[in-house]
Amino acid sequence: YPYRTGAIEEDYEVGQDLGAGQFAVVKRVRHRKTGKFYAAKYIRKRKVKTSRRGVPQEEIEKEIAVLQDLDHPRIVKLRESWNTANEIILVLELVSGGELFDYLAEREQLTENEAAGIIKQVLETISYMHELKIAHFDLKPENVMCLPGNVPAGGAPKIKLVDFGLSQRCDLGIEVTAMHGTPEFVAPEVLAFEPIGLEADLWSIGVITYILLSGCSPFQGDDKAETFQRIAQMDYSFDDEDFAGVSQDAKDFIEMLFTRNPLERATAKDCLKSSWIKRFTPEGVAIDVEAEMRVLR
Ligand SMILES: Cc1ccnnc1
């Protein structure tokens, strides 16, 4: 793979941290010649097979290969990669509006129109990836970045997917790997070590939708083990308080995704045809305060 070698500082001015994961740090960098900003993802290389630190080089190269195969407006583009002594650095398109995770934190929960606007973009992106038989396998609010710029009242921010570190090609339709997604978002078939495939992404989208609408995580337990147990048992509910005012359409949409059997679970294309997604309006909904007040009385 044609890595750049030498010091990235030769070509880029290294700025502030944008985020950090288990074995990666993302920093904002500025290309000296053009003045353009990018996101540099520094991934620690695993030197020794038995070590637990860092990522094996061939796994990093899988992420690079997937990013090179993908060309979509809602997926961050890879500009180049550097190979240094301890790290591989991916120079990625910069998405500077922050994580969806933080967008949600500021708002506690979103209106249905905002949530549907975000989920619709995620579904369009995943639908494109699934046509190429590529699964993301780590969908969560931290991996959905918002573009800067004002959001039309009641509408949704434009988003891009980042972090393809766990993504896999699933040509055979099944890919049995002892995978490590993020507990809260992992599909039951992953926990049962059953063959996993593209459908696992749709389960995760169900979890994200549940969180956007209620501000609560459907399967989260006090620890990893409890979370896994609740997922395996499909132990979730739409708490009246958390889901006050949330439409039946929205709950039906989530239930379509929380289907235990991956082969019966809705696909991204099915979801895009659902009434909950179809009624999303980009310009937001003019809120009839009087009508809202009648509901709350
Ligand atoms: C964190 C991040 C990753 C990729 N692009 N922008 C920001």
# chains A, B, ... in the order shown; residues from 1 in each chain; ligands from 1

call {"tool": "residues_near_ligand", "arguments": {"ligand": "ligand 1", "cutoff": "6 Å", "atoms": "only C-alpha atoms and all ligand atoms", "output": "list in words"}}
result
Leu18, Gly19, Val26, Ala39, Leu92, Glu93, Leu94, Val95 and Val162 of chain A

call {"tool": "residues_around", "arguments": {"residues": "segment 185-192 of chain A", "least_positions_apart": "5", "cutoff": "6 Å", "atoms": "only C-alpha atoms", "output": "number ranges by chain"}}
result
A: 200, 203-204, 231-232

call {"tool": "closest_residue", "arguments": {"among": "A:Glu112, A:Glu142, A:Leu166, A:Phe137", "to": "Gln248 of chain A", "atoms": "only C-alpha atoms"}}
result
A:Glu112

call {"tool": "residues_around", "arguments": {"residues": "segment 50-63 of chain A", "least_positions_apart": "5", "cutoff": "7 Å", "atoms": "only C-alpha atoms", "output": "PyMOL selection string"}}
result
chain A and resi 23+44-45+164-165+167

call {"tool": "write_last_selection", "arguments": {"atoms": "N, CA and C atoms", "output": "short mmCIF file (atom, residue, chain, number, x, y, z; two decimals), in the first residue's frame"}}
result
data_model
loop_
_atom_site.label_atom_id
_atom_site.label_comp_id
_atom_site.auth_asym_id
_atom_site.auth_seq_id
_atom_site.Cartn_x
_atom_site.Cartn_y
_atom_site.Cartn_z
N PHE A 23 -7.58 2.80 20.54
CA PHE A 23 -6.20 2.79 20.04
C PHE A 23 -5.96 3.89 19.02
N ARG A 44 -2.42 3.44 16.70
CA ARG A 44 -1.22 2.80 17.25
C ARG A 44 -1.04 1.42 16.64
N LYS A 45 0.16 1.09 16.16
CA LYS A 45 0.42 -0.21 15.56
C LYS A 45 0.69 -1.24 16.66
N PHE A 164 -14.39 3.33 10.24
CA PHE A 164 -14.70 2.05 9.59
C PHE A 164 -13.74 0.97 10.08
N GLY A 165 -13.30 1.15 11.33
CA GLY A 165 -12.31 0.23 11.91
C GLY A 165 -12.82 -1.19 12.07
N SER A 167 -15.43 -2.32 10.11
CA SER A 167 -16.28 -2.69 8.98
C SER A 167 -15.66 -3.84 8.19
#

call {"tool": "closest_residue", "arguments": {"among": "A:Gly245, A:Asn86, A:Phe238, A:Asp223", "to": "Arg297 of chain A", "atoms": "only C-alpha atoms"}}
result
A:Gly245

call {"tool": "closest_residue", "arguments": {"among": "A:Lys251, A:Lys49, A:Lys120, A:Lys269", "to": "Lys158 of chain A", "atoms": "only C-alpha atoms"}}
result
A:Lys120

call {"tool": "residues_around", "arguments": {"residues": "Lys41 of chain A", "least_positions_apart": "6", "cutoff": "9 Å", "atoms": "only C-alpha atoms", "output": "VMD selection string"}}
result
chain A and resid 20 24 to 28 88 to 92

call {"tool": "atom_distance", "arguments": {"atom1": "atom CA of Ile211 of chain A", "atom2": "atom CA of Ala156 of chain A"}}
result
15.5 Å

call {"tool": "closest_residue", "arguments": {"among": "A:Ala268, A:Glu283, A:Phe243, A:Ile43", "to": "Glu131 of chain A", "atoms": "only C-alpha atoms"}}
result
A:Ala268

call {"tool": "select_by_dssp", "arguments": {"residues": "segment 63-243 of chain A", "states": "helix (DSSP H, G or I)", "output": "ChimeraX atom specification"}}
result
/A:63-69,100-107,112-131,141-143,183-185,188-191,199-214,224-232

call {"tool": "closest_residue", "arguments": {"among": "A:Thr84, A:Asn261, A:Ser214, A:Thr209", "to": "Met234 of chain A", "atoms": "only C-alpha atoms"}}
result
A:Asn261

call {"tool": "residues_around", "arguments": {"residues": "segment 8-14 of chain A", "least_positions_apart": "4", "cutoff": "10 Å", "atoms": "only C-alpha atoms", "output": "list in words"}}
result
Arg4, Lys27, Arg28, Val29, Arg30, His31, Arg32, Lys33, Thr34, Gly35, Lys36, Phe37, Tyr38, Ala39, Ala40, Ser81, Trp82, Asn83, Thr84, Ile89 and Val91 of chain A

call {"tool": "select_by_dssp", "arguments": {"residues": "segment 39-252 of chain A", "states": "strand (DSSP E)", "output": "NGL selection string"}}
result
:A and (39-44 or 78-83 or 87-93 or 134-135 or 144-146 or 159-161 or 168-169)

call {"tool": "atom_distance", "arguments": {"atom1": "atom CA of Phe228 of chain A", "atom2": "atom CA of Glu184 of chain A"}}
result
7.8 Å

call {"tool": "residues_around", "arguments": {"residues": "Ser247 of chain A", "least_positions_apart": "5", "cutoff": "12 Å", "atoms": "only C-alpha atoms", "output": "list in words"}}
result
Thr111, Glu112, Asn113, Ala116, Leu213, Ser214, Phe238, Asp240, Asp252, Phe253, Ile254, Ser275, Trp276 and Arg279 of chain A

call {"tool": "closest_residue", "arguments": {"among": "A:Gln109, A:Asp163, A:Asp17, A:Ser96", "to": "Ile64 of chain A", "atoms": "only C-alpha atoms"}}
result
A:Asp163

call {"tool": "atom_distance", "arguments": {"atom1": "atom CA of Gly155 of chain A", "atom2": "atom CA of Glu114 of chain A"}}
result
5.2 Å

call {"tool": "decode", "arguments": {"residues": "segment 163-262 of chain A", "atoms": "C-alpha atoms", "output": "PDB file, in the first residue's frame"}}
result
ATOM      1  CA  ASP A 163     -14.659   5.154  11.766  1.00  0.00           C
ATOM      2  CA  PHE A 164     -14.699   2.050   9.588  1.00  0.00           C
ATOM      3  CA  GLY A 165     -12.310   0.234  11.915  1.00  0.00           C
ATOM      4  CA  LEU A 166     -14.675  -2.696  12.403  1.00  0.00           C
ATOM      5  CA  SER A 167     -16.277  -2.688   8.976  1.00  0.00           C
ATOM      6  CA  GLN A 168     -16.094  -5.882   6.915  1.00  0.00           C
ATOM      7  CA  ARG A 169     -16.909  -7.085   3.447  1.00  0.00           C
ATOM      8  CA  CYS A 170     -19.639  -9.729   3.856  1.00  0.00           C
ATOM      9  CA  ASP A 171     -19.622 -11.220   0.341  1.00  0.00           C
ATOM     10  CA  LEU A 172     -20.616 -14.666   1.564  1.00  0.00           C
ATOM     11  CA  GLY A 173     -23.456 -13.025   3.420  1.00  0.00           C
ATOM     12  CA  ILE A 174     -22.012 -14.460   6.597  1.00  0.00           C
ATOM     13  CA  GLU A 175     -18.802 -13.624   8.316  1.00  0.00           C
ATOM     14  CA  VAL A 176     -18.277 -15.423  11.587  1.00  0.00           C
ATOM     15  CA  THR A 177     -15.845 -13.368  13.603  1.00  0.00           C
ATOM     16  CA  ALA A 178     -15.582 -13.018  17.356  1.00  0.00           C
ATOM     17  CA  MET A 179     -16.400  -9.350  16.901  1.00  0.00           C
ATOM     18  CA  HIS A 180     -16.119  -6.603  19.448  1.00  0.00           C
ATOM     19  CA  GLY A 181     -18.659  -3.908  18.681  1.00  0.00           C
ATOM     20  CA  THR A 182     -19.770  -1.486  21.386  1.00  0.00           C
ATOM     21  CA  PRO A 183     -21.921  -3.442  23.883  1.00  0.00           C
ATOM     22  CA  GLU A 184     -25.015  -1.186  23.846  1.00  0.00           C
ATOM     23  CA  PHE A 185     -25.272  -1.325  20.035  1.00  0.00           C
ATOM     24  CA  VAL A 186     -24.362  -4.954  19.315  1.00  0.00           C
ATOM     25  CA  ALA A 187     -26.973  -7.245  17.696  1.00  0.00           C
ATOM     26  CA  PRO A 188     -28.026 -10.483  19.477  1.00  0.00           C
ATOM     27  CA  GLU A 189     -26.546 -12.729  16.740  1.00  0.00           C
ATOM     28  CA  VAL A 190     -23.132 -11.286  17.539  1.00  0.00           C
ATOM     29  CA  LEU A 191     -23.490 -12.285  21.204  1.00  0.00           C
ATOM     30  CA  ALA A 192     -24.665 -15.755  20.217  1.00  0.00           C
ATOM     31  CA  PHE A 193     -21.588 -16.120  17.984  1.00  0.00           C
ATOM     32  CA  GLU A 194     -23.947 -16.894  15.097  1.00  0.00           C
ATOM     33  CA  PRO A 195     -22.937 -15.950  11.548  1.00  0.00           C
ATOM     34  CA  ILE A 196     -23.176 -12.182  11.307  1.00  0.00           C
ATOM     35  CA  GLY A 197     -23.698 -10.006   8.288  1.00  0.00           C
ATOM     36  CA  LEU A 198     -25.131  -6.767   7.002  1.00  0.00           C
ATOM     37  CA  GLU A 199     -28.270  -7.150   9.148  1.00  0.00           C
ATOM     38  CA  ALA A 200     -26.317  -6.383  12.332  1.00  0.00           C
ATOM     39  CA  ASP A 201     -26.071  -2.739  11.181  1.00  0.00           C
ATOM     40  CA  LEU A 202     -29.884  -2.449  11.100  1.00  0.00           C
ATOM     41  CA  TRP A 203     -30.152  -3.623  14.728  1.00  0.00           C
ATOM     42  CA  SER A 204     -27.681  -0.862  15.687  1.00  0.00           C
ATOM     43  CA  ILE A 205     -29.767   1.700  13.787  1.00  0.00           C
ATOM     44  CA  GLY A 206     -32.745   0.578  15.898  1.00  0.00           C
ATOM     45  CA  VAL A 207     -30.739   1.273  19.056  1.00  0.00           C
ATOM     46  CA  ILE A 208     -29.674   4.711  17.761  1.00  0.00           C
ATOM     47  CA  THR A 209     -33.289   5.600  16.840  1.00  0.00           C
ATOM     48  CA  TYR A 210     -34.522   4.549  20.307  1.00  0.00           C
ATOM     49  CA  ILE A 211     -31.863   6.809  21.896  1.00  0.00           C
ATOM     50  CA  LEU A 212     -32.581   9.815  19.633  1.00  0.00           C
ATOM     51  CA  LEU A 213     -36.303   9.688  20.477  1.00  0.00           C
ATOM     52  CA  SER A 214     -36.113   8.973  24.217  1.00  0.00           C
ATOM     53  CA  GLY A 215     -32.643   9.979  25.374  1.00  0.00           C
ATOM     54  CA  CYS A 216     -32.400   6.485  26.920  1.00  0.00           C
ATOM     55  CA  SER A 217     -30.456   3.409  25.815  1.00  0.00           C
ATOM     56  CA  PRO A 218     -32.784   0.403  25.311  1.00  0.00           C
ATOM     57  CA  PHE A 219     -30.577  -2.425  26.603  1.00  0.00           C
ATOM     58  CA  GLN A 220     -28.017  -0.680  28.791  1.00  0.00           C
ATOM     59  CA  GLY A 221     -27.406  -2.495  32.070  1.00  0.00           C
ATOM     60  CA  ASP A 222     -25.187  -1.653  35.023  1.00  0.00           C
ATOM     61  CA  ASP A 223     -22.308  -3.501  33.402  1.00  0.00           C
ATOM     62  CA  LYS A 224     -21.349  -5.185  30.108  1.00  0.00           C
ATOM     63  CA  ALA A 225     -22.656  -8.582  31.199  1.00  0.00           C
ATOM     64  CA  GLU A 226     -26.091  -7.217  32.082  1.00  0.00           C
ATOM     65  CA  THR A 227     -26.261  -5.263  28.808  1.00  0.00           C
ATOM     66  CA  PHE A 228     -25.388  -8.404  26.838  1.00  0.00           C
ATOM     67  CA  GLN A 229     -27.983 -10.407  28.778  1.00  0.00           C
ATOM     68  CA  ARG A 230     -30.712  -7.831  28.067  1.00  0.00           C
ATOM     69  CA  ILE A 231     -29.874  -7.847  24.341  1.00  0.00           C
ATOM     70  CA  ALA A 232     -29.819 -11.650  24.159  1.00  0.00           C
ATOM     71  CA  GLN A 233     -33.245 -11.719  25.869  1.00  0.00           C
ATOM     72  CA  MET A 234     -34.588  -8.812  23.772  1.00  0.00           C
ATOM     73  CA  ASP A 235     -35.375  -7.182  27.123  1.00  0.00           C
ATOM     74  CA  TYR A 236     -36.504  -3.644  26.234  1.00  0.00           C
ATOM     75  CA  SER A 237     -39.670  -1.573  26.527  1.00  0.00           C
ATOM     76  CA  PHE A 238     -41.044   1.827  25.518  1.00  0.00           C
ATOM     77  CA  ASP A 239     -41.275   3.461  28.947  1.00  0.00           C
ATOM     78  CA  ASP A 240     -44.362   5.757  28.930  1.00  0.00           C
ATOM     79  CA  GLU A 241     -42.460   8.680  30.419  1.00  0.00           C
ATOM     80  CA  ASP A 242     -39.438   8.414  28.111  1.00  0.00           C
ATOM     81  CA  PHE A 243     -41.678   7.913  25.082  1.00  0.00           C
ATOM     82  CA  ALA A 244     -44.409  10.410  25.989  1.00  0.00           C
ATOM     83  CA  GLY A 245     -45.730  11.899  22.754  1.00  0.00           C
ATOM     84  CA  VAL A 246     -43.720   9.540  20.526  1.00  0.00           C
ATOM     85  CA  SER A 247     -45.849   8.211  17.656  1.00  0.00           C
ATOM     86  CA  GLN A 248     -46.805   4.565  17.152  1.00  0.00           C
ATOM     87  CA  ASP A 249     -45.130   4.826  13.717  1.00  0.00           C
ATOM     88  CA  ALA A 250     -41.813   5.507  15.441  1.00  0.00           C
ATOM     89  CA  LYS A 251     -42.248   2.560  17.829  1.00  0.00           C
ATOM     90  CA  ASP A 252     -43.266   0.283  14.928  1.00  0.00           C
ATOM     91  CA  PHE A 253     -40.103   1.399  13.096  1.00  0.00           C
ATOM     92  CA  ILE A 254     -37.893   0.477  16.058  1.00  0.00           C
ATOM     93  CA  GLU A 255     -39.689  -2.870  16.502  1.00  0.00           C
ATOM     94  CA  MET A 256     -39.035  -3.667  12.819  1.00  0.00           C
ATOM     95  CA  LEU A 257     -35.305  -3.426  13.637  1.00  0.00           C
ATOM     96  CA  PHE A 258     -35.394  -5.245  16.996  1.00  0.00           C
ATOM     97  CA  THR A 259     -36.176  -8.511  15.224  1.00  0.00           C
ATOM     98  CA  ARG A 260     -34.184 -11.420  16.638  1.00  0.00           C
ATOM     99  CA  ASN A 261     -33.859 -13.361  13.380  1.00  0.00           C
ATOM    100  CA  PRO A 262     -31.502 -11.348  11.117  1.00  0.00           C
TER     101      PRO A 262
END
